[in-house]
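A quick write-up on the structure given underneath.
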Amino acid sequence: MLEKGIASDVSFIVGEEQEPIPAHKYMLVSRSSVFFTMFYGTLAEKQPEIVVPELDKESFMVVLRYIYFEECNITPLNVMAVLYAAKKYLLSGLIRHCQGYLQESMDDENVCTILEQSLSFGEADLLDKCLQYIDINTETVLKCESFLHIKQETLTLILSRDTLRSPESGVYEACCRWAESECKRQDLELIGTNFRLVLGNCLYLIRFPLLSVQFFNSKVVQKGILREEESKEVLDYLITGNRVNVPFPTSRRCLPKQENSKLQKCKRFRNSESGWVVNGRETDAIVFCCDTNILLYGVGLYGPEEKGLSTEYNVKLQISDLNGLCLYDRQDICKVKMKSDIYQFDMGMAGVELEANVWYILSVVINGLPTRKGYDGLKFVKSGNASFEFASTSRSTNSTDVEEGQIPELYFAELREKDG
């Protein structure tokens, strides 16, 4: 009856070609409350023809075949249109089929295409899954042909991610390949100024300050994609660590937290007592390194001298390497109701990636009531398979050092594989 249009009592005019597709109200209303309201509600459609311009004939027929006899002929070409129709007509079973198909078939080559379609159809859940896939498989996705054909809007969404699993040099080179393809599409000469033109604001999402001086000079400056003043500002940052005028992000991209990663604790004091002043002007800092790659998710800080006291602290926390490259910089109000001596400054689900055998400076500026302090400090601490070494630094103007002070704990997960 569907294929021959036998005894049909309604027609759908679909697509730009406005092709009529005969159907049967009885079948439609028995499977969809939307169709019931359309044909038998208080504002029921009286016309014998229903116009559906946003769907093509093939996709609409997939929907009808599912309604009539639960056949589900989904393909990479029609899945997003079918998913859109399934949501429009509240066909929950068909929605699950489409979502399952997309998740099972997602790979390096098609994830960018699915991402663009998710944006077009407003599929927020699917969009998140695409971005999570790109986070984990960044390097291979950025090398795929499909990446070169995404829109600038999609490129912006990807470059905005803090959790891309790729060195910034790989991100930059992928952007150059995309810009070259876009110039060809627009029939523009393949020169740096045109690369800059087609990238638009995406250019300012590339983290040039994370590149090496050699790479920046040979691959960025020589291409002419940045203005002379911008190049000077980035080079000044790379050489001196001066962040004042740098128009590009300076924080590292971080690995997304792995579900199977076990959060561990590194405790650097044996004991604690009252008597530490935090006035918002002085810095508590410590230098440390670890013998394995880790993701740092939080830092433990001593709270008020009196347990159970409710208060809040204004905390500015920063992590940088010994060359002054800032990896993390955030200020937050920590509301504290102490059940123990220590509260956690949470650094987010992404964490901060720290490389093995590299020294880092962790500094905090805290403003609030006097806190407890640690003493009998440990220079070497082993937690799980990770071994930490701590050292004092002159940047600690509030006297925190290896032996005593603030920053009693680090919360981290081990990384089995080195990123990029």
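Chain labels follow the order of the structure tokens: the first chain is A, the next B, and so on; residue numbering restarts at 1 in every chain, and ligands are counted from 1 in their shown order.
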Output as a tab-separated table one row per residue of region 180-296 of chain A within 7 Å of region 386-394 of chain A: the closest atom pair and its distance in Å to one decimal place, counting only C-alpha atoms, sorted by chain and residue number ascending.
```
residue	atom	partner	partner_atom	distance
A:Ala285	CA	A:Thr393	CA	6.9
A:Ile286	CA	A:Ser392	CA	5.6
A:Val287	CA	A:Ala391	CA	5.0
A:Phe288	CA	A:Phe390	CA	4.4
A:Cys289	CA	A:Glu389	CA	5.5
A:Cys290	CA	A:Phe388	CA	4.5
A:Asp291	CA	A:Ser387	CA	5.6
A:Thr292	CA	A:Ala386	CA	5.9
```
Could the residues in this selection be saved with N, CA, C and O atoms as a PDB file, in the first residue's frame?
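The result, written out as part_25.pdb:
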```
ATOM      1  N   ALA A 285      54.818  29.184  47.182  1.00  0.00           N
ATOM      2  CA  ALA A 285      55.210  28.458  45.977  1.00  0.00           C
ATOM      3  C   ALA A 285      56.153  27.312  46.312  1.00  0.00           C
ATOM      4  O   ALA A 285      56.862  27.336  47.322  1.00  0.00           O
ATOM      5  N   ILE A 286      56.136  26.327  45.442  1.00  0.00           N
ATOM      6  CA  ILE A 286      57.025  25.177  45.565  1.00  0.00           C
ATOM      7  C   ILE A 286      57.407  24.724  44.162  1.00  0.00           C
ATOM      8  O   ILE A 286      56.638  24.903  43.213  1.00  0.00           O
ATOM      9  N   VAL A 287      58.601  24.146  44.020  1.00  0.00           N
ATOM     10  CA  VAL A 287      59.048  23.590  42.750  1.00  0.00           C
ATOM     11  C   VAL A 287      59.005  22.072  42.867  1.00  0.00           C
ATOM     12  O   VAL A 287      59.363  21.515  43.905  1.00  0.00           O
ATOM     13  N   PHE A 288      58.556  21.404  41.806  1.00  0.00           N
ATOM     14  CA  PHE A 288      58.472  19.947  41.872  1.00  0.00           C
ATOM     15  C   PHE A 288      58.625  19.328  40.490  1.00  0.00           C
ATOM     16  O   PHE A 288      58.439  19.993  39.462  1.00  0.00           O
ATOM     17  N   CYS A 289      58.979  18.058  40.474  1.00  0.00           N
ATOM     18  CA  CYS A 289      58.956  17.279  39.242  1.00  0.00           C
ATOM     19  C   CYS A 289      58.518  15.865  39.578  1.00  0.00           C
ATOM     20  O   CYS A 289      58.533  15.448  40.751  1.00  0.00           O
ATOM     21  N   CYS A 290      58.098  15.123  38.556  1.00  0.00           N
ATOM     22  CA  CYS A 290      57.638  13.754  38.725  1.00  0.00           C
ATOM     23  C   CYS A 290      58.351  12.884  37.687  1.00  0.00           C
ATOM     24  O   CYS A 290      58.660  13.369  36.581  1.00  0.00           O
ATOM     25  N   ASP A 291      58.590  11.624  38.009  1.00  0.00           N
ATOM     26  CA  ASP A 291      59.334  10.759  37.084  1.00  0.00           C
ATOM     27  C   ASP A 291      58.448  10.094  36.037  1.00  0.00           C
ATOM     28  O   ASP A 291      58.908   9.274  35.245  1.00  0.00           O
ATOM     29  N   THR A 292      57.145  10.433  36.023  1.00  0.00           N
ATOM     30  CA  THR A 292      56.245   9.897  35.011  1.00  0.00           C
ATOM     31  C   THR A 292      55.318  10.994  34.523  1.00  0.00           C
ATOM     32  O   THR A 292      55.101  12.000  35.221  1.00  0.00           O
TER      33      THR A 292
END
```
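Residues in contact with Leu159 (chain A) at up to 8 Å, not including ones fewer than 3 positions away on its chain and judged by only C-alpha atoms, are Leu155, Thr156, Cys202, Leu205 and Ile206 of chain A.
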Let me see the file: selected residues, N, CA, C and O atoms, as a tab-separated table (two decimals), in the first residue's frame.
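That gives us selection-v7.tsv:
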```
chain	number	residue	atom	x	y	z
A	155	LEU	N	35.68	24.77	12.20
A	155	LEU	CA	37.09	24.90	12.57
A	155	LEU	C	37.23	25.69	13.87
A	155	LEU	O	38.03	25.33	14.74
A	156	THR	N	36.44	26.73	14.02
A	156	THR	CA	36.45	27.53	15.25
A	156	THR	C	36.11	26.67	16.45
A	156	THR	O	36.75	26.75	17.51
A	202	CYS	N	39.83	32.42	13.58
A	202	CYS	CA	40.44	31.13	13.93
A	202	CYS	C	41.94	31.29	14.18
A	202	CYS	O	42.53	30.54	14.96
A	205	LEU	N	42.98	31.49	17.72
A	205	LEU	CA	42.77	30.31	18.55
A	205	LEU	C	43.95	29.35	18.46
A	205	LEU	O	44.01	28.37	19.20
A	206	ILE	N	44.88	29.64	17.56
A	206	ILE	CA	46.11	28.84	17.46
A	206	ILE	C	47.07	29.33	18.54
A	206	ILE	O	47.30	30.53	18.68
```
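Near Phe216 (chain A), within 12 Å and counting only C-alpha atoms, sit Glu168, Ser169, Tyr172, Glu173, Arg207, Phe208, Pro209, Leu210, Leu211, Ser212, Val213, Lys219, Val220, Val221, Gln222, Lys223, Gly224, Ile225, Leu226, Glu230, Ser231, Lys232, Glu233, Val234, Leu235, Asp236, Tyr237, Leu238 and Ile239 of chain A; same-chain residues fewer than 3 positions away were not included.
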Expected file: the selected residues, C-alpha atoms, as a short mmCIF file (atom, residue, chain, number, x, y, z; two decimals), in the first residue's frame:
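Contents of the output file out-v9.cif:
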```cif
data_model
loop_
_atom_site.label_atom_id
_atom_site.label_comp_id
_atom_site.auth_asym_id
_atom_site.auth_seq_id
_atom_site.Cartn_x
_atom_site.Cartn_y
_atom_site.Cartn_z
CA GLU A 168 50.37 22.78 18.85
CA SER A 169 52.70 22.41 15.87
CA TYR A 172 49.05 24.89 13.27
CA GLU A 173 50.04 22.74 10.28
CA ARG A 207 48.46 28.78 20.46
CA PHE A 208 51.60 30.14 18.80
CA PRO A 209 53.30 30.79 22.18
CA LEU A 210 53.48 27.00 22.69
CA LEU A 211 55.69 26.47 19.63
CA SER A 212 59.46 26.23 19.80
CA VAL A 213 61.48 29.26 18.65
CA LYS A 219 57.25 27.59 9.74
CA VAL A 220 55.25 30.62 10.92
CA VAL A 221 57.33 33.76 10.36
CA GLN A 222 58.51 32.59 6.96
CA LYS A 223 54.96 31.86 5.79
CA GLY A 224 53.87 35.43 6.54
CA ILE A 225 50.63 34.40 8.17
CA LEU A 226 51.15 36.79 11.11
CA GLU A 230 52.40 39.82 16.21
CA SER A 231 55.49 37.78 15.36
CA LYS A 232 57.65 40.05 17.52
CA GLU A 233 55.24 39.70 20.45
CA VAL A 234 55.24 35.90 20.21
CA LEU A 235 59.02 35.74 19.93
CA ASP A 236 59.34 38.05 22.93
CA TYR A 237 57.15 35.64 24.88
CA LEU A 238 59.08 32.57 23.72
CA ILE A 239 62.42 34.12 24.68
#
```
How would you write, as a PyMOL selection string, the set of residues in region 204-349 of chain A that DSSP gives as strand (DSSP E or B)?
-> chain A and resi 264-267+269-276+279+284-290+294-302+304+310-321+326-337+342-346
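Separating CA of Gln214 (chain A) from CA of Gly170 (chain A) is a distance of 14.7 Å.
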Helix (DSSP H, G or I) residues, from DSSP on the backbone, in region 156-342 of chain A, as an MDAnalysis selection string | chainID A and resid 156:159 168:185 192:205 208:210 213:221 228:240
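For Leu148 (chain A), the list of residues within 9 Å, based on only C-alpha atoms and with local chain neighbours fewer than 3 positions off taken out, reads Leu142, Lys143, Cys144, Glu145, Lys151, Ala174, Cys175, Arg177, Trp178, Ala179, Glu180, Ser181 and Glu182 of chain A.
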Let's have the selection written as a CSV table (one decimal), in the first residue's frame, with N, CA and C atoms.
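Okay, out28.csv is ready:
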```
chain,number,residue,atom,x,y,z
A,142,LEU,N,43.0,15.4,12.2
A,142,LEU,CA,43.4,16.6,11.6
A,142,LEU,C,44.2,16.3,10.3
A,143,LYS,N,44.6,15.1,10.1
A,143,LYS,CA,45.3,14.7,8.8
A,143,LYS,C,44.4,14.1,7.8
A,144,CYS,N,43.1,14.0,8.1
A,144,CYS,CA,42.1,13.4,7.2
A,144,CYS,C,41.7,14.4,6.1
A,145,GLU,N,41.3,13.9,5.0
A,145,GLU,CA,40.8,14.8,3.9
A,145,GLU,C,39.6,15.5,4.3
A,151,LYS,N,33.6,23.8,7.4
A,151,LYS,CA,33.4,25.3,7.4
A,151,LYS,C,34.2,26.0,8.5
A,174,ALA,N,47.8,21.7,10.5
A,174,ALA,CA,46.5,21.4,10.0
A,174,ALA,C,45.7,22.6,9.6
A,175,CYS,N,45.8,23.7,10.3
A,175,CYS,CA,45.1,24.9,10.0
A,175,CYS,C,45.7,25.5,8.6
A,177,ARG,N,46.9,23.7,6.2
A,177,ARG,CA,46.4,22.8,5.1
A,177,ARG,C,44.9,23.2,4.8
A,178,TRP,N,44.1,23.5,5.9
A,178,TRP,CA,42.8,23.9,5.7
A,178,TRP,C,42.7,25.2,5.0
A,179,ALA,N,43.5,26.2,5.4
A,179,ALA,CA,43.6,27.5,4.7
A,179,ALA,C,43.9,27.4,3.3
A,180,GLU,N,44.9,26.5,2.9
A,180,GLU,CA,45.2,26.3,1.5
A,180,GLU,C,44.0,25.8,0.7
A,181,SER,N,43.3,24.8,1.3
A,181,SER,CA,42.1,24.3,0.6
A,181,SER,C,41.1,25.4,0.4
A,182,GLU,N,40.9,26.2,1.5
A,182,GLU,CA,39.9,27.2,1.4
A,182,GLU,C,40.3,28.3,0.4
```
Any idea what's packed within 9 Å of region 83-99 of chain A, counting only C-alpha atoms, ignoring anything in its chain fewer than 5 positions away? Could you give it as a VMD selection string?
-> chain A and resid 31 to 35 55 59 to 60 63 66 to 67 70 72 74 78 104 121 to 123 126
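Of the residues listed (A:Pro76, A:Pro304, A:Gly5, A:Gly377), A:Gly377 shows the shortest atom-to-atom separation from Val402 (chain A); distances use only C-alpha atoms.
Take the candidates A:Pro53, A:Pro249, A:Gly324, A:Gly100 and check each one against Leu362 (chain A) using only C-alpha atoms; the shortest distance goes to A:Gly324.
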